[in-house]
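Notes to accompany the following structure.
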Amino acid sequence: MTPLKNPELAPIRFELTVAIDPEDAFDAFTKGFGDWWPTDSHSLSKKDCIAIEFNSGVDGKIIERAKGQKDVIWGTVKKWQPGEHLSFTWHPGWSAGDFTLIDVRFDLNDFGRCVIRLEHKAWENLGEIAPTLRDGYLSGWEFVFGECFANYLRTSRK
């Protein structure tokens, strides 16, 4: 089943345009991940979450650490091109074999602004629960990427 044949599995896409360079935006997304990610509302352990780590480089892990619980791997980095492109699997709390993919690109527009494009795809890997999960991620990414990350970029740059 491909997204073209099944629009309810089409990739989710969000875009931010900010007045910083792509390298700084890339570092904010990766190195600052644990600072801007809203753990109280968007983690498995909620208030018990100690940290979310985004480990750099290909095969780097995204890990949730929580009080009194085992670490949970949320995903694994597949592409790592600082200032340009980042891609990672996504399976927070799911089997690593039931993953989706997140692709993030960092480009300069004609006005010298950084355009950050996030695409969440490969929903077909999740089987029949995919449309329901995808619907949840539509509003989830709007909040997490469109608000939390965008606010982090604005406030961390001052």
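Please note that chains go A, B, ... in the order of the structure tokens, that every chain numbers its residues from 1, and that ligands are numbered from 1 in the order shown.
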
Quiz item: Within 12 Å of Cys148 of chain A, counting only C-alpha atoms, which residues qualify if same-chain residues fewer than 2 places away don't, as a list in words?
Solution: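 These residues fall inside the cut-off: Leu16, Ala28, Phe29, Gly32, Phe33, Gly34, Asp35, Trp36, Trp37, Pro38, Thr39, Ser41, His42, Gly140, Trp141, Glu142, Phe143, Val144, Phe145, Gly146, Ala150, Asn151, Tyr152, Leu153, Arg154, Thr155 and Ser156 of chain A.
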
Could you dump the residues just selected with N, CA, C and O atoms as a short mmCIF file (atom, residue, chain, number, x, y, z; two decimals), in the first residue's frame?
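Result written to out.cif:
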data_model
loop_
_atom_site.label_atom_id
_atom_site.label_comp_id
_atom_site.auth_asym_id
_atom_site.auth_seq_id
_atom_site.Cartn_x
_atom_site.Cartn_y
_atom_site.Cartn_z
N LEU A 16 9.12 25.46 8.47
CA LEU A 16 9.40 26.67 9.24
C LEU A 16 10.41 27.49 8.47
O LEU A 16 11.35 26.94 7.89
N ALA A 28 20.31 23.18 16.63
CA ALA A 28 19.18 23.40 17.54
C ALA A 28 18.25 22.19 17.53
O ALA A 28 17.77 21.75 18.58
N PHE A 29 18.00 21.64 16.34
CA PHE A 29 17.11 20.50 16.23
C PHE A 29 17.71 19.28 16.92
O PHE A 29 17.01 18.58 17.66
N GLY A 32 19.88 20.42 20.63
CA GLY A 32 18.91 21.02 21.53
C GLY A 32 17.62 20.23 21.68
O GLY A 32 16.69 20.67 22.37
N PHE A 33 17.54 19.06 21.05
CA PHE A 33 16.31 18.27 21.02
C PHE A 33 15.69 18.11 22.42
O PHE A 33 14.49 18.31 22.60
N GLY A 34 16.50 17.76 23.39
CA GLY A 34 16.00 17.56 24.74
C GLY A 34 15.53 18.84 25.42
O GLY A 34 14.78 18.79 26.39
N ASP A 35 15.98 19.99 24.89
CA ASP A 35 15.56 21.27 25.46
C ASP A 35 14.22 21.75 24.91
O ASP A 35 13.45 22.37 25.61
N TRP A 36 13.96 21.47 23.64
CA TRP A 36 12.72 21.98 23.04
C TRP A 36 11.60 20.96 23.01
O TRP A 36 10.45 21.32 22.87
N TRP A 37 11.93 19.67 23.14
CA TRP A 37 10.88 18.63 23.07
C TRP A 37 10.01 18.72 24.32
O TRP A 37 10.51 18.71 25.44
N PRO A 38 8.68 18.77 24.17
CA PRO A 38 7.77 18.92 25.33
C PRO A 38 7.52 17.58 26.05
O PRO A 38 6.52 16.90 25.82
N THR A 39 8.42 17.21 26.93
CA THR A 39 8.35 15.90 27.58
C THR A 39 7.11 15.72 28.46
O THR A 39 6.63 14.59 28.61
N SER A 41 4.11 16.48 27.87
CA SER A 41 2.94 16.08 27.09
C SER A 41 3.27 15.06 25.99
O SER A 41 2.40 14.31 25.57
N HIS A 42 4.53 15.02 25.53
CA HIS A 42 4.88 14.19 24.38
C HIS A 42 6.08 13.28 24.67
O HIS A 42 7.09 13.29 23.98
N GLY A 140 0.12 16.51 16.54
CA GLY A 140 1.31 16.41 17.37
C GLY A 140 2.48 17.20 16.80
O GLY A 140 3.12 17.98 17.50
N TRP A 141 2.76 17.02 15.51
CA TRP A 141 3.87 17.75 14.89
C TRP A 141 3.56 19.24 14.77
O TRP A 141 4.47 20.07 14.86
N GLU A 142 2.31 19.58 14.59
CA GLU A 142 1.96 20.99 14.53
C GLU A 142 2.37 21.68 15.83
O GLU A 142 2.93 22.78 15.82
N PHE A 143 2.11 21.00 16.96
CA PHE A 143 2.48 21.54 18.25
C PHE A 143 3.99 21.43 18.50
O PHE A 143 4.66 22.42 18.81
N VAL A 144 4.54 20.23 18.35
CA VAL A 144 5.94 19.98 18.70
C VAL A 144 6.91 20.73 17.79
O VAL A 144 7.83 21.39 18.26
N PHE A 145 6.71 20.64 16.48
CA PHE A 145 7.60 21.29 15.52
C PHE A 145 7.19 22.74 15.29
O PHE A 145 8.02 23.65 15.37
N GLY A 146 5.90 22.93 15.01
CA GLY A 146 5.42 24.26 14.65
C GLY A 146 5.40 25.25 15.79
O GLY A 146 5.52 26.46 15.56
N ALA A 150 9.79 25.92 16.98
CA ALA A 150 9.82 27.31 16.48
C ALA A 150 10.08 28.29 17.62
O ALA A 150 10.90 29.21 17.48
N ASN A 151 9.42 28.12 18.76
CA ASN A 151 9.65 29.00 19.91
C ASN A 151 11.07 28.86 20.44
O ASN A 151 11.70 29.84 20.83
N TYR A 152 11.58 27.63 20.47
CA TYR A 152 12.96 27.39 20.91
C TYR A 152 13.94 28.14 20.02
O TYR A 152 14.87 28.77 20.50
N LEU A 153 13.72 28.08 18.70
CA LEU A 153 14.60 28.80 17.78
C LEU A 153 14.57 30.31 18.04
O LEU A 153 15.60 30.96 18.01
N ARG A 154 13.37 30.83 18.29
CA ARG A 154 13.24 32.27 18.54
C ARG A 154 13.89 32.68 19.86
O ARG A 154 14.58 33.69 19.94
N THR A 155 13.66 31.91 20.91
CA THR A 155 14.16 32.31 22.23
C THR A 155 15.63 31.93 22.44
O THR A 155 16.33 32.65 23.15
N SER A 156 16.11 30.86 21.86
CA SER A 156 17.49 30.45 22.06
C SER A 156 18.46 31.31 21.26
O SER A 156 19.65 31.28 21.50
#

Would you write out, as JSON lines, a table of all residues in segment 102-126 of chain A that have an atom no more than 6 Å from an atom of segment 72-96 of chain A, listing for each the closest atom pair and the distance in Å to one decimal, considering only C-alpha atoms and ordering rows by chain and rising residue number?
{"residue": "A:Ile102", "atom": "CA", "partner": "A:Phe88", "partner_atom": "CA", "distance": 5.4}
{"residue": "A:Asp103", "atom": "CA", "partner": "A:Ser87", "partner_atom": "CA", "distance": 4.3}
{"residue": "A:Val104", "atom": "CA", "partner": "A:Leu86", "partner_atom": "CA", "distance": 5.1}
{"residue": "A:Arg105", "atom": "CA", "partner": "A:His85", "partner_atom": "CA", "distance": 4.5}
{"residue": "A:Phe106", "atom": "CA", "partner": "A:Glu84", "partner_atom": "CA", "distance": 4.8}

Store the residues of this selection in a file with all heavy atoms, as a short mmCIF file (atom, residue, chain, number, x, y, z; two decimals), in the first residue's frame.
data_model
loop_
_atom_site.label_atom_id
_atom_site.label_comp_id
_atom_site.auth_asym_id
_atom_site.auth_seq_id
_atom_site.Cartn_x
_atom_site.Cartn_y
_atom_site.Cartn_z
N ILE A 102 11.34 9.93 9.66
CA ILE A 102 11.27 11.39 9.72
C ILE A 102 12.48 11.94 8.98
O ILE A 102 13.62 11.50 9.20
CB ILE A 102 11.23 11.88 11.17
CG1 ILE A 102 9.95 11.37 11.84
CG2 ILE A 102 11.32 13.41 11.23
CD1 ILE A 102 9.81 11.66 13.30
N ASP A 103 12.19 12.85 8.08
CA ASP A 103 13.21 13.45 7.23
C ASP A 103 13.16 14.96 7.49
O ASP A 103 12.08 15.56 7.43
CB ASP A 103 12.85 13.14 5.78
CG ASP A 103 14.00 13.33 4.84
OD1 ASP A 103 15.00 12.62 5.00
OD2 ASP A 103 13.88 14.17 3.93
N VAL A 104 14.30 15.56 7.81
CA VAL A 104 14.35 16.99 8.09
C VAL A 104 15.43 17.61 7.21
O VAL A 104 16.57 17.15 7.22
CB VAL A 104 14.65 17.30 9.58
CG1 VAL A 104 14.50 18.78 9.87
CG2 VAL A 104 13.73 16.49 10.50
N ARG A 105 15.05 18.63 6.45
CA ARG A 105 15.99 19.31 5.56
C ARG A 105 16.11 20.78 5.96
O ARG A 105 15.13 21.40 6.38
CB ARG A 105 15.53 19.21 4.11
CG ARG A 105 15.54 17.77 3.63
CD ARG A 105 15.22 17.65 2.15
NE ARG A 105 15.20 16.27 1.75
CZ ARG A 105 16.29 15.59 1.35
NH1 ARG A 105 17.45 16.18 1.28
NH2 ARG A 105 16.18 14.32 1.02
N PHE A 106 17.32 21.29 5.79
CA PHE A 106 17.65 22.66 6.18
C PHE A 106 18.23 23.36 4.95
O PHE A 106 19.30 22.98 4.46
CB PHE A 106 18.69 22.65 7.31
CG PHE A 106 18.25 21.85 8.52
CD1 PHE A 106 18.38 20.47 8.55
CD2 PHE A 106 17.71 22.49 9.62
CE1 PHE A 106 17.97 19.73 9.66
CE2 PHE A 106 17.29 21.76 10.73
CZ PHE A 106 17.43 20.38 10.75
#

Quiz prompt | Nearest candidate to Gly60 of chain A (options A:Lys31, A:Arg134, A:His120, A:Arg113; using only C-alpha atoms) | solution = A:Lys31

Quiz item: In chain A, what's alpha helix (DSSP H) per DSSP? Answer as a PyMOL selection string?
Solution: chain A and resi 22-30+33-36+130-143+150-156

Quiz prompt | Contact residues around Ala130 of chain A with only C-alpha atoms at 12 Å, ignoring same-chain residues under 3 positions, as number ranges by chain | solution = A: 1, 3, 6-11, 98-100, 121-127, 133-137

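The two atoms in question, atom CA of Ile129 of chain A and atom CA of Asp71 of chain A, are spaced 24.7 Å apart.
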
Shell around Asp107 of chain A at 10 Å using only C-alpha atoms, local window under 2 positions removed, as a CSV table (one decimal) with all heavy atoms, in the first residue's frame:
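Result file follows (around19.csv):
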chain,number,residue,atom,x,y,z
A,17,THR,N,10.3,28.8,8.5
A,17,THR,CA,11.3,29.7,7.9
A,17,THR,C,11.7,30.6,9.1
A,17,THR,O,10.9,31.3,9.7
A,17,THR,CB,10.7,30.5,6.8
A,17,THR,OG1,10.2,29.6,5.8
A,17,THR,CG2,11.7,31.4,6.1
A,21,ASP,N,21.1,30.6,10.3
A,21,ASP,CA,21.7,29.8,9.2
A,21,ASP,C,21.4,28.3,9.4
A,21,ASP,O,21.1,27.9,10.5
A,21,ASP,CB,23.2,30.0,9.1
A,21,ASP,CG,24.0,29.6,10.3
A,21,ASP,OD1,24.0,28.4,10.7
A,21,ASP,OD2,24.7,30.4,11.0
A,22,PRO,N,21.4,27.5,8.4
A,22,PRO,CA,21.1,26.1,8.4
A,22,PRO,C,21.9,25.3,9.5
A,22,PRO,O,21.3,24.4,10.1
A,22,PRO,CB,21.3,25.6,7.0
A,22,PRO,CG,21.1,26.8,6.2
A,22,PRO,CD,21.7,27.9,7.0
A,23,GLU,N,23.1,25.6,9.6
A,23,GLU,CA,24.0,24.9,10.6
A,23,GLU,C,23.5,25.1,12.0
A,23,GLU,O,23.4,24.1,12.8
A,23,GLU,CB,25.4,25.3,10.5
A,23,GLU,CG,26.1,24.9,9.2
A,23,GLU,CD,25.8,25.7,8.0
A,23,GLU,OE1,25.3,26.9,8.2
A,23,GLU,OE2,26.0,25.3,6.9
A,25,ALA,N,20.4,25.9,12.8
A,25,ALA,CA,19.1,25.3,12.9
A,25,ALA,C,19.2,23.8,13.1
A,25,ALA,O,18.5,23.2,13.9
A,25,ALA,CB,18.3,25.6,11.7
A,83,GLY,N,23.7,20.7,8.9
A,83,GLY,CA,23.4,21.9,8.2
A,83,GLY,C,22.5,21.7,7.0
A,83,GLY,O,22.1,22.7,6.3
A,84,GLU,N,22.3,20.4,6.6
A,84,GLU,CA,21.6,20.1,5.4
A,84,GLU,C,20.4,19.1,5.5
A,84,GLU,O,19.3,19.5,5.1
A,84,GLU,CB,22.6,19.5,4.3
A,84,GLU,CG,23.7,20.5,3.9
A,84,GLU,CD,24.7,19.8,3.0
A,84,GLU,OE1,24.3,18.8,2.3
A,84,GLU,OE2,25.8,20.3,2.9
A,85,HIS,N,20.7,18.0,6.1
A,85,HIS,CA,19.7,16.9,6.0
A,85,HIS,C,19.9,15.9,7.1
A,85,HIS,O,21.0,15.6,7.5
A,85,HIS,CB,19.9,16.2,4.6
A,85,HIS,CG,18.9,15.1,4.4
A,85,HIS,ND1,19.2,14.0,3.6
A,85,HIS,CD2,17.6,14.9,4.8
A,85,HIS,CE1,18.1,13.2,3.5
A,85,HIS,NE2,17.2,13.7,4.3
A,105,ARG,N,15.0,18.6,6.5
A,105,ARG,CA,16.0,19.3,5.6
A,105,ARG,C,16.1,20.8,6.0
A,105,ARG,O,15.1,21.4,6.4
A,105,ARG,CB,15.5,19.2,4.1
A,105,ARG,CG,15.5,17.8,3.6
A,105,ARG,CD,15.2,17.7,2.2
A,105,ARG,NE,15.2,16.3,1.8
A,105,ARG,CZ,16.3,15.6,1.4
A,105,ARG,NH1,17.4,16.2,1.3
A,105,ARG,NH2,16.2,14.3,1.0
A,109,ASN,N,16.7,30.1,1.7
A,109,ASN,CA,15.9,30.7,0.7
A,109,ASN,C,16.6,31.9,0.0
A,109,ASN,O,17.7,32.3,0.5
A,109,ASN,CB,14.5,30.9,1.1
A,109,ASN,CG,14.3,32.1,2.1
A,109,ASN,OD1,15.3,32.9,2.3
A,109,ASN,ND2,13.2,32.2,2.8
A,110,ASP,N,15.9,32.5,-0.9
A,110,ASP,CA,16.5,33.6,-1.6
A,110,ASP,C,16.7,34.9,-0.8
A,110,ASP,O,17.4,35.8,-1.1
A,110,ASP,CB,15.7,34.0,-2.8
A,110,ASP,CG,15.7,32.9,-3.9
A,110,ASP,OD1,16.6,32.1,-3.9
A,110,ASP,OD2,14.8,33.0,-4.8
A,112,GLY,N,17.9,34.6,2.4
A,112,GLY,CA,18.9,34.3,3.4
A,112,GLY,C,18.3,33.8,4.7
A,112,GLY,O,18.9,33.7,5.7
A,113,ARG,N,17.1,33.3,4.6
A,113,ARG,CA,16.4,32.7,5.7
A,113,ARG,C,16.5,31.2,5.6
A,113,ARG,O,16.5,30.6,4.5
A,113,ARG,CB,14.9,33.0,5.7
A,113,ARG,CG,14.7,34.5,5.7
A,113,ARG,CD,14.5,35.0,7.1
A,113,ARG,NE,14.0,36.4,7.2
A,113,ARG,CZ,14.5,37.3,7.9
A,113,ARG,NH1,15.5,37.1,8.6
A,113,ARG,NH2,14.0,38.5,7.9
A,114,CYS,N,16.6,30.5,6.7
A,114,CYS,CA,16.6,29.0,6.8
A,114,CYS,C,15.2,28.5,6.7
A,114,CYS,O,14.3,28.8,7.5
A,114,CYS,CB,17.3,28.6,8.1
A,114,CYS,SG,17.4,26.8,8.2
A,115,VAL,N,15.0,27.6,5.7
A,115,VAL,CA,13.7,26.9,5.6
A,115,VAL,C,14.0,25.5,6.1
A,115,VAL,O,14.8,24.7,5.6
A,115,VAL,CB,13.3,26.9,4.1
A,115,VAL,CG1,11.9,26.2,4.0
A,115,VAL,CG2,13.1,28.3,3.6
A,116,ILE,N,13.2,25.1,7.1
A,116,ILE,CA,13.3,23.8,7.7
A,116,ILE,C,12.1,23.0,7.3
A,116,ILE,O,11.0,23.4,7.7
A,116,ILE,CB,13.5,23.9,9.3
A,116,ILE,CG1,14.6,24.8,9.6
A,116,ILE,CG2,13.7,22.5,9.8
A,116,ILE,CD1,14.5,25.3,11.1
A,117,ARG,N,12.3,21.9,6.7
A,117,ARG,CA,11.2,21.1,6.2
A,117,ARG,C,11.2,19.7,6.9
A,117,ARG,O,12.2,19.0,6.8
A,117,ARG,CB,11.2,20.9,4.7
A,117,ARG,CG,11.0,22.1,3.9
A,117,ARG,CD,11.1,21.9,2.4
A,117,ARG,NE,10.9,23.2,1.7
A,117,ARG,CZ,11.9,24.0,1.3
A,117,ARG,NH1,13.1,23.7,1.6
A,117,ARG,NH2,11.6,25.1,0.7

Exercise. Work out how far apart atom CA of Leu138 of chain A and atom CA of Phe14 of chain A are and give it in Å to one decimal.
Key: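 Atom-to-atom, atom CA of Leu138 of chain A to atom CA of Phe14 of chain A, that is 9.3 Å.
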
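With distances restricted to only C-alpha atoms, A:Thr30 is the closest residue to Lys61 of chain A from A:Glu119, A:Leu44, A:Thr30, A:Cys49.
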
Quiz item: Could you state the separation of atom CA of Asn55 of chain A and atom CA of Val18 of chain A in Å, given to one decimal place?
Solution: 24.1 Å

Practice problem: Any chance you could list, as an MDAnalysis selection string, the residues in segment 37-134 of chain A that come up strand (DSSP E or B) when DSSP is run on the backbone? | Solution: chainID A and resid 49:54 61:66 72:81 85:90 100:108 114:121
